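Before any comments, here is the structure.
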Amino acid sequence: MLRVDSSKPCQIIYAIAKHEYLSYVIEPHIVQLNPNGEFSLTYQRLFSNTAKEFAAYIDDVDVKLIRMLEEMEQGNLIKKFYKKPIRPFEFFTKIFNEQLFDTLRPKIEKRMADALGLLKDKPLYQMSKEGYPAERKVQIAAEAATVLFHFRRNEEEIRYFPTIKYQGMRIEFMFKNAEVICNHPAWMLLDDTLYHFEKEIEGKKLVPFLNKRYIAIPKSSEQSYFERFVAPLIEKHHVYAEGFTINTEKYDARPVIKPIYVEGGTSQLQLYFKYAGYVFPYGDERLISVRMERSGDDYTFHRIKRSVTWEKNKFSYLETLGLKTASSLFKNLEVAINDEDADQSFSVFEWINQHYDQLIEQGFEIEQPDSGSQKRYVFGTSKIDLAVKENNDWFDIHAIVYFGSYSIPFIQLKNHILNRKKEFLLPSGEIAIIPEKWFSQYGNLLHFTEGGNELKLRRHHIGLVNELAEGEMASVTMTRKLQKLLDFEELEDIDLPQNFAGNLRPYQKAGYNWFHFLKNYHFGGCLADDMGLGKTIQTLALLQKHKEDTEAAGGKATSLVIMPTSLIYNWLAEAKKFTPQLRLMVHTGTFRYKSPEVFANYDVVITTYGISRIDIELMKAYFFDYVILDESQNIKNPSSKSFQAVKQLKSRFKLILSGTPVENSVNDLWTQMSFINPGLLGIQQFFQNEFVTPIEKKKDEDKARKLQALIKPFVLRRTKEQVATELPPKIENLFYCQMSEEQSAVYEKVKSEYRNELLKSLEDGTYAKTQIQVLQGLIKLRQIANHPVMIDQDYEGDSGKFENVIHTLATVLEGNHKVLIFSQFVKQLNIYREYFDREMIPYAYLDGSTQNRGDVVKQFQEDEKTRVFLISIKAGGVGLNLTEADYVFILDPWWNPAVEQQAIDRTHRIGQTKNVFIYKFITKDTVEEKILALQQRKLSLSRALITTEESFIKSLSVDDIREILK
């Protein structure tokens with residue numbers, strides 16, 4: 001065969017060809033034209049790669065068609081379905097079968113349908129049996145033909161046949177050599193015209209009638225034929241019936257949702273549409289749905305028109321309210337929830353209640369089982385109306401719950417909410433679902449309410465009432481007085497006592513006002529300010545004011561303050577300084593009073609936790625005005641004797657002071673709060689289950705927030721950072737420590753030895769020569785005052801100062817602060833090193849022998865975990881810049897205050913952004929305390945002259961030394 005010459009006239013044509021195995025296909029060909037412009041016999045099949053040569057004769061649509069039809073070409077099809085190289089003849093004779101035809105044919109027809117859509121204005125021909133592409137010209141019908149299916153039913157049978165109409169005229173197609181060249185959608189070739197049809201009819205519905213007038217169905221099979229064939233046909237096509245009825249019906253539809261409870265799983269929702277009495281599930285997207293009805297020998301087909309777009313819109317609306325399809329397979333819906341752990345078995349029910357009003361407004365019906373053993377749920381908005389009234393010691397809460405149209409006293413839900421039961425049986429027998437949020441919102445409230453059929457809350461549960469008022473779940477009404485009480489941020493300003501020497505910083509004044517707020521409402525409170533912010537001063541101001549107010553009213557009042565032994569002297573020193581009018585009695589020591597009457601002669605009785613345990617019988621016999629616990633974390637263990645003892649004390653008011661109310665666990669709060677406001681946090685076990693475990697194990701923020709709401713009115717905490725602007729750059733505190741009994745014995749023994757020697761030297765006139773021994777003696781006594789281990793390796797007793805420092809340090813570290821600890825005794829620093837190593841507390845260390853000073857300083861300044869720096873005063877005196885520290889502990893006072901000042905200046909220099917607290921630890925009744933007094937006396941002298949310890953000793957008179965060794 002000659003090839004087409006692209007330099008001479010030619011034309012592209014499309015040929016309908018019947019492939020021996022694949023049935024009808026369409027192929028593009030280029031045909032050479034004769035000089036007179038007619039088709040010659042020279043032609044060739046066009047492919048994408050050969051079409052370029054004939055670019056002059058083809059347009060963009062042709063390029064597209066060539067590419068599309070190429071995919072139907074047998075070689076390409078074989079390659080797709082058979083990976084090995086094979087000749088077409090071999091493939092079709094040996095491998096090709098009916099199954100493969102059924103797989104390939106729909107793919108070919110999809111391409112044909114696409115191509116026929118583009119071929120309207122292109123030359124289309126039918127190929128000859130010999131393969132000439134331009135055998136007969138074919139016309140594509142200008143519009144779709146319609147098919148009407150006829151059913152004629154009589155006594156014996158049903159006759160079924162189609163008729164075709166084109167442009168209103170009936171076309172005869174039976175026995176006319178018509179060919180169906182494409183099944184889906186159907187294309188039929190008849191008398192050189194290619195017809196397509198409305199309603200995507202399938203060709204196989206026409207094929208039986210190309211050479212047959214009708215199909216007959218015997219009477220015996222008619223019912224199943226009607227159901228399986230006729231009903232689906234009526235849904236999609238035009239049908240004419242004789243012998244039975246087809247009614248086309250249009251109704252207004254209503255969307256219906258039906259909740260399905262899945263126990264232990266995720267509840268679901270089915271969406272249906274009701275067209276009068278007919279119900280259709282969402283998701284089948286049929287424009288017409290047919291329902292068949294048989295009455296005796298009569299059949300009626302109801303042809304119901306569906307509003308598919310409207311149905312889709314209803315589904316989309318549910319999606320916007322937070323539903324999603326359960327899976328691609330099932331059209332059921334479920335609530336889109338992120339929380340994996342939440343109980344999903346009622347999620348859809350809750351969702352309906354939440355959106356009930358919107359759903360009804362949008363015309364949705366909610367379907368439920370009519371009767372029988374199945375549960376019926378009540379749907380509608382759930383809400384609570386609460387009215388809170390204040391009584392003397394109680395809040396009365398009147399609460400009504402609304403489930404849809406039902407109203408119920410809230411108290412009836414108490415057990416359900418406390419036991420997390422979601423289904424509540426209403427008097428009507430229906431079931432209301434308690435919203436998930438209510439369990440967390442009201443669980444606390446109901447746990448703490450008392451009273452039978454009434455909800456009563458103790459006044460100290462004001463935090464719960466506050467939380468209710470702020471929550472969005474309930475509408476709460478309360479009196480103005482009560483609202484004012486809730487807004488305890490706005491505290492009334494109370495005048496300072498007349499006999500208070502000094503001033504309170506603004507935050508201290510706020511603490512003092514807060515104490516009075518608690519007093520007015522008979523609440524106990526916890527002042528939890530950071531260490532160093534003056535909890536003692538604020539409390540002394542309160543006690544002084546209380547004394548003045550009570551006396552002005554003609555009364556007398558005694559308060560009790562319990563504290564660790566180490567704080568006794570600090571309280572006495574602060575009281576002497578700020579409230580000199582307060583009569584204080586220290587109830588400690590072997591010779592303390594054994595009867596309570598004597599308390600009445602004093603304003604404040606000060607005692608220790610240890611004594612309060614021993615003397616509890618005596619102390620509980622007295623009714624105090626205030627009982628105040630300092631460092632209240634001492635009672636954090638509920639089974640401790642201290643807690644058991646203080647619980648029995650009687651007083652009008654209770655306060656606790658602690659920089660670290662929570663030392664190790666949230667559990668620490670329970671005893672302290674139970675002391676100030678019994679019952680505030682429920683019983684121990686409840687508190688453990690409800691708060692401690694969720695907060696510590698599961699990091700449950702909601703529970704932490706709830707606990708915060710409960711205790712917020714009764715805990716006032718200010719950190720050093722929060723009040724930094726009100727603090728001076730540095731604050732010095734003296735911290736008095738008491739020796740332990742063993743320590744005191746060692747001290748007294750050494751002291752009397754030296755005193756005897758001194759007196760002897762004074763008598764025999766050798767004093768001048770023994771000055772160096774005096775100096776050694778004083779140093780020895782100073783060491784014992786710190787820790788007897790420094791002079792005796794075998795000493796096994798305690799040191800009061802060591803215990804104090806460790807305790808104070810724990811509080812500082814708890815607040816994430818950094819501390820410098822100075823001592824002039826390397827031996828003393830070693831005692832602390834051993835302790836830190838044992839307790840695994842990271843620290844930096846520097847003394848005269850330290851080589852890598854720079855690295856040590858860098859470690860302390862930059863490492864988050866290293867929060868303690870031990871420094872010997874001689875090594876630390878020069879060239880250190882330690883601005884990370886904001887606490888300085890000075891373990892032993894120095895002869896020369898200037899040296900002390902240098903130590904403090906390690907922290908207090910350029911680059912320091914924090915306020916610095918300085919603690920000097922002084923052992924009571926020892927040389928340390930006396931040196932301090934001498935220092936004050938000789939301050940001006942020391943500033944000018946004294947630089948060394950020797951010169952300080954020289955400046956001491958014999959009387960001075962006698963005083964020190966007294």
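Starting from 1 in every chain, residues are counted up; chains themselves are A, B, ... following the order of the structure tokens, and ligands are numbered from 1 as listed.
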- Message: Among region 75-269 of chain A, which residues does DSSP mark as strand (DSSP E) when it is run on the backbone? Keep the chain and numbering as in the structure and answer as a count of residues only.
- Response: 64
- Task: Excluding region 433-445 of chain A and any residue of its chain fewer than 5 positions from it, enumerate the residues within 9 Å of it, using only C-alpha atoms, and give them as number ranges by chain.
- Result: A: 343, 346-347, 349-350, 353-354, 377-379, 382, 403, 413-414, 416-425, 457, 461, 464-465, 467-468, 471, 473, 690, 702-703, 706
For the residues in the current selection, export C-alpha atoms as a PDB file, in the first residue's frame.
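The resulting out-v8.pdb:
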ATOM      1  CA  ASP A 343     -16.880   8.088  76.322  1.00  0.00           C
ATOM      2  CA  PHE A 346     -23.691   9.013  74.107  1.00  0.00           C
ATOM      3  CA  SER A 347     -21.881  11.588  71.958  1.00  0.00           C
ATOM      4  CA  PHE A 349     -27.345  12.135  71.952  1.00  0.00           C
ATOM      5  CA  GLU A 350     -25.489  15.024  73.550  1.00  0.00           C
ATOM      6  CA  ASN A 353     -29.430  18.177  72.791  1.00  0.00           C
ATOM      7  CA  GLN A 354     -26.796  20.793  72.141  1.00  0.00           C
ATOM      8  CA  TYR A 377     -34.763   9.435  75.127  1.00  0.00           C
ATOM      9  CA  VAL A 378     -35.945  12.941  75.750  1.00  0.00           C
ATOM     10  CA  PHE A 379     -34.290  15.539  73.533  1.00  0.00           C
ATOM     11  CA  SER A 382     -30.480  21.029  78.930  1.00  0.00           C
ATOM     12  CA  PHE A 403     -34.242  18.556  80.102  1.00  0.00           C
ATOM     13  CA  LEU A 413     -29.028  14.297  89.873  1.00  0.00           C
ATOM     14  CA  LYS A 414     -26.517  14.236  92.724  1.00  0.00           C
ATOM     15  CA  HIS A 416     -25.749  10.368  88.889  1.00  0.00           C
ATOM     16  CA  ILE A 417     -23.195  13.148  88.616  1.00  0.00           C
ATOM     17  CA  LEU A 418     -20.990  11.862  91.434  1.00  0.00           C
ATOM     18  CA  ASN A 419     -21.029   8.333  89.920  1.00  0.00           C
ATOM     19  CA  ARG A 420     -20.782   9.496  86.290  1.00  0.00           C
ATOM     20  CA  LYS A 421     -24.087   7.886  85.245  1.00  0.00           C
ATOM     21  CA  LYS A 422     -25.212   9.536  82.017  1.00  0.00           C
ATOM     22  CA  GLU A 423     -28.777   8.217  81.787  1.00  0.00           C
ATOM     23  CA  PHE A 424     -31.349   9.811  84.076  1.00  0.00           C
ATOM     24  CA  LEU A 425     -34.809   8.186  84.206  1.00  0.00           C
ATOM     25  CA  LEU A 457     -22.590  24.684 100.758  1.00  0.00           C
ATOM     26  CA  HIS A 461     -16.742  26.893  99.436  1.00  0.00           C
ATOM     27  CA  LEU A 464     -17.162  26.853  93.971  1.00  0.00           C
ATOM     28  CA  VAL A 465     -19.896  29.478  93.878  1.00  0.00           C
ATOM     29  CA  GLU A 467     -16.699  29.073  89.538  1.00  0.00           C
ATOM     30  CA  LEU A 468     -20.424  28.530  88.923  1.00  0.00           C
ATOM     31  CA  GLY A 471     -19.068  29.069  84.020  1.00  0.00           C
ATOM     32  CA  MET A 473     -23.346  26.109  81.870  1.00  0.00           C
ATOM     33  CA  GLU A 690     -10.277  13.714  92.574  1.00  0.00           C
ATOM     34  CA  ASP A 702      -8.986  21.016  84.199  1.00  0.00           C
ATOM     35  CA  LYS A 703      -8.641  19.416  87.655  1.00  0.00           C
ATOM     36  CA  LYS A 706     -10.830  23.357  89.713  1.00  0.00           C
TER      37      LYS A 706
END
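Distance-wise, CA of Val388 (chain A) and CA of Asn453 (chain A) end up 15.4 Å apart.
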- Top pick for closest residue to Asp603 (chain A), considering A:Asp493, A:Glu551, A:Glu721, A:Glu753 and counting only C-alpha atoms: A:Glu551
- Message: Using only C-alpha atoms, which protein or nucleic acid residues come within 8 Å of region 314-317 of chain A? Drop anything in the same chain fewer than 4 positions from it, and give the result as a count of residues only.
- Response: 4
- Query: So which residues touch Thr558 (chain A) within 12 Å, counting only C-alpha atoms, skipping near sequence neighbours fewer than 4 positions away, as a PyMOL selection string?
  - Reply: chain A and resi 543-544+546-547+550-551+582-585+596-606+622-628+650-653
- Task: Compile the contact shell of Arg294 (chain A) as a ChimeraX atom specification: residues with an atom at most 12 Å away, counting only C-alpha atoms, same-chain residues fewer than 5 positions apart removed.
- Result: /A:222-224,226-227,244-245,299-302
- Message: Would you pick out the contacts of region 139-146 of chain A at 6 Å or less, using only C-alpha atoms, so that residues sharing its chain but fewer than 3 positions from it are not included, and give the list as a list in words?
- Response: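 Once the adjacent positions are removed, what remains is Ile164, Lys165, Tyr166, Thr193, Leu194, Tyr195, His196, Phe197 and Glu198 of chain A.
Pairwise distance (CA of Phe229 (chain A), CA of Lys274 (chain A)) equals 24.8 Å.
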- Message: Using only C-alpha atoms, which protein or nucleic acid residues come within 9 Å of Gly75 (chain A)? Drop anything in the same chain fewer than 5 positions from it, and give the result as a PyMOL selection string.
- Response: chain A and resi 80+87-88
Writer output for current selection, N, CA and C atoms, as a CSV table (one decimal), in the first residue's frame:
chain,number,residue,atom,x,y,z
A,80,LYS,N,-1.0,-2.8,28.1
A,80,LYS,CA,-1.5,-2.5,29.5
A,80,LYS,C,-1.9,-3.8,30.2
A,87,ARG,N,2.7,-10.8,19.9
A,87,ARG,CA,2.1,-10.3,18.7
A,87,ARG,C,0.6,-10.3,18.9
A,88,PRO,N,-0.2,-9.3,18.4
A,88,PRO,CA,-1.6,-9.2,18.6
A,88,PRO,C,-2.3,-10.5,18.2
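Comparing the minimum interatomic distances between Ala17 (chain A) and each of A:Val207, A:Ala134, A:Ala552, A:Ala621, counting only C-alpha atoms, we find that A:Ala134 sits nearest.
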- Item | Test item, helix (DSSP H, G or I) assignment across region 486-556 of chain A, answer as a PyMOL selection string | chain A and resi 486+506-520+535-552
Preceding selection exported with C-alpha atoms as a compact mmCIF listing (two decimals), in the first residue's frame:
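Result file part17.txt:
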# COMPACT_ATOMS: atom_id res chain seq x y z
CA LEU A 486 -17.07 36.89 95.32
CA PRO A 506 2.26 48.07 99.26
CA TYR A 507 2.08 44.29 98.73
CA GLN A 508 2.46 43.76 102.51
CA LYS A 509 -0.39 46.23 103.09
CA ALA A 510 -2.50 44.22 100.61
CA GLY A 511 -1.69 41.06 102.63
CA TYR A 512 -2.72 42.85 105.82
CA ASN A 513 -6.02 43.94 104.18
CA TRP A 514 -6.57 40.38 102.99
CA PHE A 515 -6.17 39.08 106.55
CA HIS A 516 -9.05 41.37 107.51
CA PHE A 517 -11.20 40.15 104.61
CA LEU A 518 -10.72 36.60 105.96
CA LYS A 519 -11.53 37.78 109.48
CA ASN A 520 -14.77 39.48 108.39
CA LYS A 535 5.13 37.15 106.19
CA THR A 536 6.07 37.69 109.87
CA ILE A 537 5.71 41.47 109.65
CA GLN A 538 2.31 41.27 107.95
CA THR A 539 1.13 38.87 110.66
CA LEU A 540 2.49 41.02 113.50
CA ALA A 541 0.65 44.02 112.04
CA LEU A 542 -2.58 41.97 112.08
CA LEU A 543 -2.02 40.82 115.68
CA GLN A 544 -1.27 44.36 116.85
CA LYS A 545 -4.43 45.66 115.12
CA HIS A 546 -6.45 42.82 116.62
CA LYS A 547 -5.13 43.72 120.08
CA GLU A 548 -6.04 47.40 119.61
CA ASP A 549 -9.54 46.63 118.25
CA THR A 550 -10.30 44.08 120.98
CA GLU A 551 -9.12 46.37 123.76
CA ALA A 552 -11.04 49.32 122.29
